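Coordinates from protein.cif are shown below (mmCIF, C-alpha atoms (C1' of nucleotides)).
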data_final
loop_
_atom_site.label_atom_id
_atom_site.label_comp_id
_atom_site.auth_asym_id
_atom_site.auth_seq_id
_atom_site.Cartn_x
_atom_site.Cartn_y
_atom_site.Cartn_z
CA MET A 1061 18.17 36.28 -21.24
CA THR A 1062 14.90 34.98 -19.90
CA THR A 1063 13.74 31.91 -21.76
CA ASP A 1064 10.92 32.24 -24.22
CA ASP A 1065 9.54 28.76 -23.54
CA PRO A 1066 6.12 29.39 -22.01
CA ARG A 1067 5.86 25.96 -20.38
CA GLY A 1068 9.20 26.44 -18.66
CA ARG A 1069 8.26 29.90 -17.40
CA ILE A 1070 4.96 28.60 -16.07
CA LEU A 1071 6.66 25.70 -14.30
CA ASP A 1072 9.21 28.05 -12.75
CA ALA A 1073 6.48 30.31 -11.44
CA ALA A 1074 4.52 27.36 -10.11
CA GLU A 1075 7.56 25.98 -8.32
CA ALA A 1076 8.30 29.37 -6.76
CA LEU A 1077 4.73 29.62 -5.48
CA LEU A 1078 4.88 26.06 -4.19
CA ARG A 1079 8.03 26.91 -2.25
CA ARG A 1080 6.55 30.12 -0.89
CA HIS A 1081 3.02 29.11 0.06
CA GLY A 1082 2.90 25.32 0.19
CA PRO A 1083 0.82 22.90 -1.84
CA ASP A 1084 -2.64 23.81 -0.55
CA LYS A 1085 -2.38 27.40 -1.74
CA LEU A 1086 -1.07 26.55 -5.21
CA ALA A 1087 -3.77 27.61 -7.66
CA VAL A 1088 -3.49 27.84 -11.42
CA VAL A 1089 -5.05 31.26 -11.01
CA ASP A 1090 -2.14 32.38 -8.83
CA VAL A 1091 0.46 31.01 -11.19
CA ALA A 1092 -1.12 32.99 -13.98
CA ARG A 1093 -1.29 36.14 -11.87
CA ALA A 1094 2.38 35.81 -10.94
CA LEU A 1095 3.20 35.83 -14.63
CA GLY A 1096 0.79 38.64 -15.47
CA MET A 1097 -1.36 36.51 -17.71
CA SER A 1098 -4.89 35.17 -17.56
CA HIS A 1099 -5.34 31.72 -16.06
CA ALA A 1100 -7.08 30.58 -19.24
CA ASN A 1101 -3.82 31.10 -21.06
CA VAL A 1102 -2.07 28.64 -18.78
CA TYR A 1103 -4.51 26.06 -20.08
CA ARG A 1104 -3.13 26.62 -23.55
CA TYR A 1105 0.10 24.99 -22.35
CA PHE A 1106 -1.15 22.52 -19.75
CA GLY A 1107 -4.32 20.52 -20.24
CA SER A 1108 -5.14 20.53 -16.55
CA LYS A 1109 -3.87 21.42 -13.14
CA THR A 1110 -2.99 17.76 -12.63
CA GLU A 1111 -0.82 17.79 -15.73
CA LEU A 1112 0.98 20.93 -14.54
CA PHE A 1113 1.63 19.34 -11.16
CA GLY A 1114 2.80 16.22 -12.89
CA GLU A 1115 5.43 18.10 -14.85
CA LEU A 1116 6.54 19.86 -11.69
CA VAL A 1117 6.98 16.62 -9.81
CA ALA A 1118 8.71 14.95 -12.74
CA ARG A 1119 11.19 17.83 -12.92
CA TRP A 1120 11.89 17.65 -9.22
CA LEU A 1121 12.30 13.87 -9.19
CA GLY A 1122 14.51 14.11 -12.27
CA ARG A 1123 16.98 16.21 -10.29
CA LEU A 1124 17.32 13.37 -7.79
CA GLU A 1125 17.96 10.85 -10.52
CA GLY A 1126 21.10 12.40 -11.97
CA PRO A 1127 23.63 11.38 -9.31
CA LEU A 1128 22.03 7.94 -9.05
CA ALA A 1129 22.22 7.36 -12.80
CA ALA A 1130 25.89 8.32 -12.67
CA ILE A 1131 26.61 5.70 -10.02
CA ALA A 1132 24.66 3.07 -11.92
CA ALA A 1133 26.64 3.76 -15.10
CA GLU A 1134 30.09 3.82 -13.50
CA PRO A 1135 32.63 1.09 -14.00
CA GLY A 1136 33.88 -0.61 -10.86
CA PRO A 1137 32.68 -3.44 -8.61
CA ALA A 1138 28.89 -3.81 -8.48
CA PRO A 1139 28.61 -4.40 -4.71
CA ASP A 1140 30.35 -1.11 -4.02
CA ARG A 1141 28.11 0.71 -6.46
CA LEU A 1142 24.99 -0.90 -5.02
CA LYS A 1143 25.86 0.39 -1.58
CA ARG A 1144 26.69 3.88 -2.78
CA TRP A 1145 23.55 3.96 -4.92
CA ALA A 1146 21.33 3.02 -1.99
CA LEU A 1147 23.04 5.40 0.42
CA THR A 1148 22.82 8.23 -2.08
CA LEU A 1149 19.12 7.64 -2.64
CA HIS A 1150 18.55 7.66 1.11
CA ARG A 1151 20.61 10.80 1.59
CA GLN A 1152 18.85 12.64 -1.21
CA LYS A 1153 15.44 11.95 0.24
CA ARG A 1154 16.50 12.75 3.77
CA GLU A 1155 18.13 16.00 2.72
CA LYS A 1156 14.86 17.19 1.27
CA VAL A 1157 13.13 16.58 4.58
CA SER A 1158 15.69 18.12 6.89
CA VAL A 1159 16.66 21.06 4.71
CA ASP A 1160 13.12 22.03 3.86
CA PRO A 1161 10.40 19.87 5.41
CA GLU A 1162 7.59 22.09 4.18
CA MET A 1163 8.86 21.77 0.65
CA PHE A 1164 9.13 18.00 0.95
CA ALA A 1165 5.57 17.78 2.23
CA ALA A 1166 4.52 19.99 -0.64
CA PHE A 1167 5.98 17.65 -3.20
CA ASP A 1168 4.69 14.64 -1.31
CA LYS A 1169 1.21 16.06 -1.54
CA ALA A 1170 1.76 17.17 -5.10
CA ALA A 1171 2.84 13.66 -6.01
CA GLU A 1172 -0.59 12.37 -5.00
CA MET A 1173 -2.13 14.00 -8.01
CA ALA A 1174 0.84 13.12 -10.17
CA ARG A 1175 0.94 9.32 -10.00
CA PRO A 1176 2.25 8.88 -13.55
CA SER A 1177 5.29 11.04 -12.80
CA VAL A 1178 6.04 9.01 -9.72
CA ALA A 1179 5.63 5.78 -11.65
CA GLY A 1180 8.10 7.05 -14.23
CA HIS A 1181 10.56 7.94 -11.49
CA LEU A 1182 10.29 4.47 -9.98
CA ALA A 1183 10.77 2.91 -13.41
CA HIS A 1184 14.01 4.86 -13.84
CA LEU A 1185 15.30 3.78 -10.43
CA HIS A 1186 14.33 0.19 -11.19
CA ALA A 1187 16.25 0.29 -14.46
CA GLN A 1188 19.34 1.63 -12.71
CA LEU A 1189 19.20 -1.06 -10.07
CA THR A 1190 18.70 -3.72 -12.73
CA ALA A 1191 21.85 -2.53 -14.46
CA ILE A 1192 23.95 -2.71 -11.29
CA LEU A 1193 22.66 -6.18 -10.45
CA ALA A 1194 23.28 -7.42 -14.00
CA ASP A 1195 26.88 -6.19 -13.78
CA GLY A 1196 27.39 -8.08 -10.55
CA LYS A 1197 25.95 -11.22 -12.03
CA ALA A 1198 28.04 -10.88 -15.20
CA ALA A 1199 31.16 -10.53 -13.03
CA GLY A 1200 30.26 -13.81 -11.32
CA LEU A 1201 29.94 -12.12 -7.93
CA TRP A 1202 26.19 -12.48 -7.59
CA PRO A 1203 24.95 -15.83 -8.86
CA GLY A 1204 21.75 -15.26 -6.86
CA VAL A 1205 20.53 -12.47 -9.13
CA THR A 1206 17.27 -13.28 -10.95
CA GLU A 1207 14.74 -11.37 -12.98
CA HIS A 1208 13.00 -10.44 -9.72
CA SER A 1209 16.05 -9.22 -7.85
CA ALA A 1210 15.82 -5.54 -8.74
CA LEU A 1211 12.24 -5.35 -7.50
CA ASP A 1212 13.01 -7.36 -4.37
CA VAL A 1213 16.06 -5.33 -3.44
CA PHE A 1214 14.28 -2.07 -4.11
CA THR A 1215 11.40 -3.18 -1.92
CA ALA A 1216 13.69 -4.21 0.90
CA ILE A 1217 15.43 -0.82 0.95
CA SER A 1218 12.29 1.20 0.26
CA PRO A 1219 11.84 1.99 3.97
CA PHE A 1220 14.86 4.24 3.53
CA SER A 1221 13.48 6.21 0.60
CA HIS A 1222 9.70 5.98 0.62
CA PRO A 1223 8.32 9.47 1.32
CA ALA A 1224 5.83 8.33 3.95
CA LEU A 1225 8.52 6.58 5.96
CA VAL A 1226 11.27 9.14 5.47
CA LEU A 1227 8.79 11.78 6.57
CA ALA A 1228 7.78 9.79 9.65
CA ASP A 1229 11.37 9.36 10.85
CA GLY A 1230 12.03 13.03 10.43
CA ALA A 1231 15.68 13.81 10.11
CA THR A 1232 17.22 10.82 11.86
CA ASP A 1233 20.22 9.46 10.01
CA ARG A 1234 19.73 5.79 9.27
CA SER A 1235 22.67 5.44 6.89
CA ALA A 1236 24.41 2.99 9.19
CA GLN A 1237 21.38 0.73 9.28
CA LEU A 1238 20.93 0.96 5.53
CA ALA A 1239 24.57 -0.02 5.05
CA ARG A 1240 23.97 -3.13 7.16
CA VAL A 1241 20.84 -4.05 5.20
CA ILE A 1242 22.79 -3.68 1.96
CA ASP A 1243 25.56 -5.90 3.35
CA LEU A 1244 22.94 -8.51 4.20
CA ILE A 1245 21.45 -8.34 0.71
CA ASP A 1246 24.91 -8.43 -0.86
CA ALA A 1247 25.71 -11.58 1.08
CA GLY A 1248 22.43 -13.12 0.00
CA LEU A 1249 23.04 -12.39 -3.67
CA ARG A 1250 26.46 -14.03 -3.47
CA SER A 1251 24.89 -17.42 -2.83
CA SER A 1252 23.12 -19.22 -5.66
CA THR A 1253 19.55 -20.61 -5.81
CA MET B 791 -23.62 -13.32 31.96
CA THR B 792 -22.43 -9.86 30.96
CA THR B 793 -19.08 -8.98 32.43
CA ASP B 794 -18.96 -6.60 35.32
CA ASP B 795 -15.62 -5.07 34.36
CA PRO B 796 -16.45 -1.46 33.47
CA ARG B 797 -13.29 -0.90 31.43
CA GLY B 798 -14.00 -3.95 29.31
CA ARG B 799 -17.59 -2.94 28.70
CA ILE B 800 -16.53 0.54 27.70
CA LEU B 801 -13.91 -0.79 25.31
CA ASP B 802 -16.44 -3.17 23.76
CA ALA B 803 -18.88 -0.34 23.21
CA ALA B 804 -16.16 1.88 21.76
CA GLU B 805 -15.03 -0.84 19.37
CA ALA B 806 -18.60 -1.43 18.21
CA LEU B 807 -19.05 2.28 17.51
CA LEU B 808 -15.71 2.40 15.73
CA ARG B 809 -16.82 -0.44 13.48
CA ARG B 810 -20.19 1.12 12.84
CA HIS B 811 -19.35 4.77 12.30
CA GLY B 812 -15.64 5.00 11.65
CA PRO B 813 -12.95 6.84 13.60
CA ASP B 814 -14.07 10.41 12.99
CA LYS B 815 -17.45 9.87 14.63
CA LEU B 816 -16.08 8.11 17.70
CA ALA B 817 -16.83 10.40 20.63
CA VAL B 818 -16.52 9.62 24.29
CA VAL B 819 -19.97 11.08 24.61
CA ASP B 820 -21.37 8.49 22.20
CA VAL B 821 -19.63 5.61 23.93
CA ALA B 822 -21.20 6.72 27.19
CA ARG B 823 -24.63 7.12 25.58
CA ALA B 824 -24.41 3.62 24.07
CA LEU B 825 -23.90 2.28 27.60
CA GLY B 826 -26.58 4.47 29.14
CA MET B 827 -24.17 6.34 31.37
CA SER B 828 -22.91 9.89 31.56
CA HIS B 829 -19.71 10.65 29.67
CA ALA B 830 -18.14 11.93 32.86
CA ASN B 831 -18.37 8.44 34.24
CA VAL B 832 -16.24 7.10 31.42
CA TYR B 833 -13.52 9.41 32.68
CA ARG B 834 -13.56 7.52 35.97
CA TYR B 835 -12.08 4.56 34.07
CA PHE B 836 -10.01 6.22 31.35
CA GLY B 837 -7.99 9.33 31.99
CA SER B 838 -8.54 10.68 28.51
CA LYS B 839 -9.91 9.90 25.10
CA THR B 840 -6.37 9.21 23.95
CA GLU B 841 -5.93 6.61 26.68
CA LEU B 842 -9.18 4.91 25.69
CA PHE B 843 -8.08 4.81 22.07
CA GLY B 844 -4.74 3.49 23.16
CA GLU B 845 -6.32 0.54 24.94
CA LEU B 846 -8.51 -0.13 21.94
CA VAL B 847 -5.56 -0.19 19.56
CA ALA B 848 -3.48 -2.29 21.94
CA ARG B 849 -6.27 -4.83 22.17
CA TRP B 850 -6.64 -4.99 18.40
CA LEU B 851 -2.91 -5.28 17.80
CA GLY B 852 -2.69 -7.90 20.53
CA ARG B 853 -5.03 -10.13 18.53
CA LEU B 854 -2.58 -10.03 15.65
CA GLU B 855 0.30 -10.99 17.87
CA GLY B 856 -1.05 -14.33 19.05
CA PRO B 857 -0.38 -16.44 15.96
CA LEU B 858 2.96 -14.73 15.47
CA ALA B 859 4.07 -15.43 19.01
CA ALA B 860 3.13 -19.08 18.52
CA ILE B 861 5.33 -19.37 15.47
CA ALA B 862 8.21 -17.64 17.24
CA ALA B 863 7.96 -20.05 20.16
CA GLU B 864 7.67 -23.23 18.11
CA PRO B 865 10.45 -25.77 17.88
CA GLY B 866 11.69 -26.54 14.38
CA PRO B 867 14.16 -24.97 11.96
CA ALA B 868 14.53 -21.21 12.31
CA PRO B 869 14.58 -20.39 8.58
CA ASP B 870 11.23 -22.07 8.12
CA ARG B 871 9.77 -20.22 11.07
CA LEU B 872 11.17 -16.91 9.87
CA LYS B 873 9.41 -17.32 6.55
CA ARG B 874 6.12 -18.36 8.09
CA TRP B 875 6.33 -15.58 10.65
CA ALA B 876 6.86 -12.94 7.96
CA LEU B 877 4.16 -14.34 5.69
CA THR B 878 1.71 -14.54 8.56
CA LEU B 879 2.37 -10.96 9.54
CA HIS B 880 1.83 -9.85 5.95
CA ARG B 881 -1.34 -11.88 5.62
CA GLN B 882 -2.79 -10.58 8.87
CA LYS B 883 -2.32 -7.00 7.82
CA ARG B 884 -3.57 -7.56 4.33
CA GLU B 885 -6.66 -9.39 5.56
CA LYS B 886 -7.63 -6.38 7.60
CA VAL B 887 -7.49 -4.19 4.52
CA SER B 888 -9.33 -6.43 2.09
CA VAL B 889 -11.94 -7.80 4.48
CA ASP B 890 -12.82 -4.43 5.97
CA PRO B 891 -10.89 -1.46 4.59
CA GLU B 892 -12.95 1.08 6.51
CA MET B 893 -12.13 -0.70 9.73
CA PHE B 894 -8.44 -0.82 8.89
CA ALA B 895 -8.42 2.89 8.12
CA ALA B 896 -10.23 3.46 11.39
CA PHE B 897 -7.55 1.70 13.36
CA ASP B 898 -4.82 3.33 11.30
CA LYS B 899 -6.23 6.72 12.22
CA ALA B 900 -6.82 5.62 15.79
CA ALA B 901 -3.20 4.53 16.00
CA GLU B 902 -2.10 8.09 15.36
CA MET B 903 -3.29 9.14 18.77
CA ALA B 904 -2.08 5.90 20.32
CA ARG B 905 1.65 5.96 19.59
CA PRO B 906 2.62 4.16 22.82
CA SER B 907 0.40 1.19 21.96
CA VAL B 908 1.96 0.94 18.53
CA ALA B 909 5.43 1.17 20.03
CA GLY B 910 4.56 -1.67 22.38
CA HIS B 911 3.32 -3.74 19.47
CA LEU B 912 6.53 -3.16 17.54
CA ALA B 913 8.54 -4.10 20.62
CA HIS B 914 6.69 -7.41 20.84
CA LEU B 915 7.28 -8.18 17.18
CA HIS B 916 10.93 -7.24 17.56
CA ALA B 917 11.31 -9.61 20.50
CA GLN B 918 9.73 -12.47 18.54
CA LEU B 919 12.01 -11.89 15.60
CA THR B 920 15.01 -11.71 17.91
CA ALA B 921 14.09 -15.10 19.34
CA ILE B 922 13.83 -16.73 15.91
CA LEU B 923 17.15 -15.27 14.80
CA ALA B 924 18.86 -16.36 18.02
CA ASP B 925 17.62 -19.91 17.47
CA GLY B 926 19.04 -19.93 13.97
CA LYS B 927 22.36 -18.66 15.20
CA ALA B 928 22.47 -21.17 18.05
CA ALA B 929 21.82 -23.96 15.54
CA GLY B 930 24.82 -22.78 13.54
CA LEU B 931 22.68 -22.01 10.50
CA TRP B 932 22.99 -18.24 10.63
CA PRO B 933 26.48 -17.13 11.61
CA GLY B 934 25.65 -13.70 10.17
CA VAL B 935 23.19 -12.86 12.95
CA THR B 936 24.26 -9.88 15.08
CA GLU B 937 22.63 -7.67 17.68
CA HIS B 938 21.28 -5.53 14.84
CA SER B 939 19.79 -8.31 12.75
CA ALA B 940 16.28 -8.28 14.16
CA LEU B 941 15.93 -4.58 13.48
CA ASP B 942 17.49 -4.86 10.04
CA VAL B 943 15.34 -7.79 8.97
CA PHE B 944 12.21 -6.18 10.33
CA THR B 945 13.00 -3.00 8.44
CA ALA B 946 13.62 -4.87 5.20
CA ILE B 947 10.26 -6.63 5.37
CA SER B 948 8.36 -3.67 6.78
CA PRO B 949 7.07 -2.72 3.30
CA PHE B 950 4.89 -5.81 3.62
CA SER B 951 3.35 -4.89 6.96
CA HIS B 952 3.57 -1.13 7.43
CA PRO B 953 0.01 0.26 7.45
CA ALA B 954 0.76 3.10 5.05
CA LEU B 955 2.19 0.75 2.44
CA VAL B 956 -0.27 -2.10 2.91
CA LEU B 957 -3.04 0.47 2.56
CA ALA B 958 -1.49 1.93 -0.60
CA ASP B 959 -1.24 -1.45 -2.34
CA GLY B 960 -4.81 -2.26 -1.53
CA ALA B 961 -5.55 -5.93 -1.64
CA THR B 962 -2.81 -7.13 -3.97
CA ASP B 963 -1.20 -10.32 -2.75
CA ARG B 964 2.55 -9.87 -2.45
CA SER B 965 3.23 -13.11 -0.60
CA ALA B 966 5.33 -14.46 -3.44
CA GLN B 967 7.55 -11.41 -3.41
CA LEU B 968 7.85 -11.48 0.36
CA ALA B 969 8.88 -15.14 0.19
CA ARG B 970 11.68 -14.19 -2.23
CA VAL B 971 12.85 -11.36 0.01
CA ILE B 972 12.92 -13.73 2.96
CA ASP B 973 14.94 -16.23 0.91
CA LEU B 974 17.40 -13.48 0.08
CA ILE B 975 17.73 -12.50 3.73
CA ASP B 976 18.03 -16.12 4.78
CA ALA B 977 20.88 -16.61 2.34
CA GLY B 978 22.57 -13.47 3.63
CA LEU B 979 22.35 -14.61 7.25
CA ARG B 980 23.95 -17.93 6.36
CA SER B 981 27.22 -16.22 5.48
CA SER B 982 29.40 -14.84 8.27
CA THR B 983 30.74 -11.28 8.74
"C1'" DC C 122 -17.86 6.39 50.78
"C1'" DA C 123 -17.80 4.57 46.29
"C1'" DA C 124 -20.23 5.29 42.02
"C1'" DA C 125 -22.32 8.03 39.48
"C1'" DT C 126 -24.52 12.57 38.07
"C1'" DT C 127 -25.18 17.42 36.64
"C1'" DA C 128 -22.95 21.68 35.44
"C1'" DC C 129 -19.70 24.15 33.00
"C1'" DA C 130 -15.51 26.36 30.47
"C1'" DG C 131 -12.62 25.92 26.68
"C1'" DA C 132 -11.45 23.38 22.51
"C1'" DT C 133 -13.12 21.21 18.47
"C1'" DT C 134 -16.35 20.10 14.93
"C1'" DT C 135 -20.29 20.94 11.88
"C1'" DC C 136 -22.74 23.31 8.53
"C1'" DA C 137 -24.40 26.43 5.35
"C1'" DA C 138 -23.64 30.76 3.04
"C1'" DT C 139 -20.02 32.97 0.41
"C1'" DA C 140 -16.05 33.27 -2.35
"C1'" DT C 141 -12.64 31.17 -5.11
"C1'" DT C 142 -10.96 28.06 -8.50
"C1'" DT C 143 -11.14 24.95 -12.44
"C1'" DG C 144 -11.91 24.12 -16.98
"C1'" DT C 145 -14.38 25.46 -21.45
"C1'" DA C 146 -16.17 28.44 -24.99
"C1'" DA C 147 -16.91 32.36 -27.28
"C1'" DT C 148 -14.37 36.68 -28.32
"C1'" DT C 149 -10.55 40.06 -29.04
"C1'" DC C 150 -5.88 41.32 -30.37
"C1'" DA C 151 -1.82 42.07 -33.39
"C1'" DT D 1333 -4.10 32.95 -37.69
"C1'" DG D 1334 -1.78 32.09 -33.53
"C1'" DA D 1335 -1.83 34.05 -28.88
"C1'" DA D 1336 -4.15 35.77 -25.78
"C1'" DT D 1337 -8.51 37.62 -23.42
"C1'" DT D 1338 -13.12 37.94 -21.12
"C1'" DA D 1339 -17.17 35.40 -19.67
"C1'" DC D 1340 -19.25 31.73 -17.42
"C1'" DA D 1341 -20.98 27.14 -15.18
"C1'" DA D 1342 -19.74 23.59 -12.07
"C1'" DA D 1343 -16.71 22.03 -8.53
"C1'" DT D 1344 -14.03 23.22 -4.55
"C1'" DA D 1345 -12.44 25.87 -0.72
"C1'" DT D 1346 -13.11 29.40 2.96
"C1'" DT D 1347 -15.33 31.27 6.76
"C1'" DG D 1348 -17.65 32.25 10.82
"C1'" DA D 1349 -21.62 31.31 13.72
"C1'" DA D 1350 -23.83 27.48 16.11
"C1'" DA D 1351 -23.51 23.00 17.95
"C1'" DT D 1352 -20.93 19.43 20.00
"C1'" DC D 1353 -17.25 17.40 22.54
"C1'" DT D 1354 -13.54 17.01 26.09
"C1'" DG D 1355 -12.06 17.22 30.50
"C1'" DT D 1356 -12.78 18.99 35.43
"C1'" DA D 1357 -15.23 20.12 39.57
"C1'" DA D 1358 -18.82 20.38 42.46
"C1'" DT D 1359 -22.98 17.67 43.71
"C1'" DT D 1360 -26.13 13.69 44.25
"C1'" DT D 1361 -27.30 8.83 45.10
"C1'" DG D 1362 -27.56 4.42 47.53
#
As structure tokens, how would this structure be written, given the file I've shared?
Amino acid sequence: MTTDDPRGRILDAAEALLRRHGPDKLAVVDVARALGMSHANVYRYFGSKTELFGELVARWLGRLEGPLAAIAAEPGPAPDRLKRWALTLHRQKREKVSVDPEMFAAFDKAAEMARPSVAGHLAHLHAQLTAILADGKAAGLWPGVTEHSALDVFTAISPFSHPALVLADGATDRSAQLARVIDLIDAGLRSST
Amino acid sequence: MTTDDPRGRILDAAEALLRRHGPDKLAVVDVARALGMSHANVYRYFGSKTELFGELVARWLGRLEGPLAAIAAEPGPAPDRLKRWALTLHRQKREKVSVDPEMFAAFDKAAEMARPSVAGHLAHLHAQLTAILADGKAAGLWPGVTEHSALDVFTAISPFSHPALVLADGATDRSAQLARVIDLIDAGLRSST
DNA sequence: CAAATTACAGATTTCAATATTTGTAATTCA
DNA sequence: TGAATTACAAATATTGAAATCTGTAATTTG
């Protein structure tokens, strides 16, 4: 049974075209043609090309968030979860590059015109990190946690997940280095002031 | 007295053109014309356009390194120097963006074709950071310092100096956040293992 | 003979005409 | 009347011919 939700069908077609032809050749006109409808009809469901791209990016980023949200919500010691959360985020991003670099570049480019989606994604990640840090503080393990900690920690490990930097490094595995950085941060959070 | 060193005069002319017209309009032909010589003569002193750009970038980056090297070589407590070193690096980069964004973009673009110069720059910064960390370890303040620490610390604070990220944030001052990240790292280095 | 020049082939860039795409409005369809 | 279409203006992208640039070699200058 093919879904009857027009927005979903349009997004699926757009994603398929993005995968096939890359971001430069993704036109609303082509999406419409692939679905056998006029391009004006697409504008009934999406106010603009930017909005369509935004939904596409949000959907893609949402898929990355699932496993991370699971780790953030788990019981268990916060330091362990922090490390697994960071390593998972790094691995997810790196996988996208090595498995399908063209696709990653496509979404990287697409994200340019979809700032709000990216901001939402970052807000989700920030919330997850805040939760983990709060758990560690509540358990008395991390007296150093403050209101700024989530932002600071996320910034410090961003070189391992930021698209521009992940793209630059190509497929090199930096998990070992990330693990060391997390250990350093963990140690820092264990001391007060 | 104008210098008689041809390489220096060529680099000066190239830098002036880069400032005036941006990186896309910087042609060897124009550099030669500005000096009243044939472009072929420029190739007597630089093997290629890439090499010329490389020297230009190296010179520019070298100017940033001076104040940093001074801080690294100072006597005084390592944690204090680490913080000032990191803040100075951040400020230097940010100044370039806010004072003259076009110029920064020019050198960012120029750096693309001058990878070796950038690598050399990073090697210098790495060496400075290594020295500061070694001092702190020798003083018994930072038992956590290992052979990897310089790289790890540099990576963690790279969001505050990497061109792509400094450029993205525009002129926003993130010194306060950087200071917190440094404090976190400092605390981490103070604990062993 | 060292320092520069002119001459030139191949690669790259520019530019303007042409075609496509975006987004809106007026119109048709069921 | 809701769902789509055709029609169209303005913005954007494509294209290919002409101009420019890079890098090398042969030649000139003092």
Per residue of chain D within 10 Å of range 141-148 of chain C, record the nearest atom pair and its distance in Å to one decimal, counting only C-alpha atoms (C1' of nucleotides), with rows in chain order and ascending residue number, as a tab-separated table.
residue	atom	partner	partner_atom	distance
D:DT1337	C1'	C:DT148	C1'	7.7
D:DT1338	C1'	C:DT148	C1'	7.4
D:DA1339	C1'	C:DA147	C1'	8.2
D:DC1340	C1'	C:DA146	C1'	8.8
D:DA1341	C1'	C:DT145	C1'	9.3
D:DA1342	C1'	C:DT143	C1'	8.7
D:DA1343	C1'	C:DT143	C1'	7.4
D:DT1344	C1'	C:DT142	C1'	7.0
D:DA1345	C1'	C:DT141	C1'	6.9
D:DT1346	C1'	C:DT141	C1'	8.3
From the options D:DG1334, D:DG1348, D:DG1355, D:DG1362, which residue's atoms come nearest to DA151 in chain C, counting all atoms listed in the file?
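Answer, going by the shortest atom-to-atom distance: D:DG1334.
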Smallest atom-to-atom distance to chain B: which of A:Leu1244, A:Ala1087, A:Leu1142, A:Val1157, using only C-alpha atoms?
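Among the listed residues, A:Leu1244 lies closest to chain B.
With only C-alpha atoms (C1' of nucleotides) as the atoms that count, the residue of B:Arg884, B:Arg964, B:Arg980, B:Arg834 with the shortest distance to chain D is B:Arg834.
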At what distance in Å, to one decimal, does CA of Pro1176 in chain A lie from CA of Glu1111 in chain A?
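So the two atoms, CA of Glu1111 in chain A and CA of Pro1176 in chain A, lie 9.7 Å apart.
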How far is it from C1' of DA1349 in chain D to CA of His811 in chain B, in Å with one decimal?
26.7 Å
Could you tell me how far CA of Gln918 in chain B lies from CA of Ala862 in chain B, in Å and to one decimal?
5.5 Å
Using all atoms listed in the file, tabulate the residues of chain A lying at most 12 Å from any atom of chain D, each with its closest atom pair and that distance in Å to one decimal, by chain and increasing residue number, as a tab-separated table.
residue	atom	partner	partner_atom	distance
A:Pro1066	CA	D:DA1335	C1'	11.5
A:Asp1084	CA	D:DA1345	C1'	10.0
A:Lys1085	CA	D:DA1345	C1'	10.2
A:Ala1087	CA	D:DA1345	C1'	11.2
A:Gly1096	CA	D:DA1336	C1'	11.8
A:Met1097	CA	D:DA1336	C1'	8.6
A:Ser1098	CA	D:DT1337	C1'	7.3
A:His1099	CA	D:DT1337	C1'	10.0
A:Ala1100	CA	D:DT1337	C1'	8.3
A:Asn1101	CA	D:DA1336	C1'	6.6
A:Val1102	CA	D:DA1336	C1'	10.2
A:Tyr1103	CA	D:DA1336	C1'	11.3
A:Arg1104	CA	D:DA1335	C1'	9.2
A:Tyr1105	CA	D:DA1335	C1'	11.3
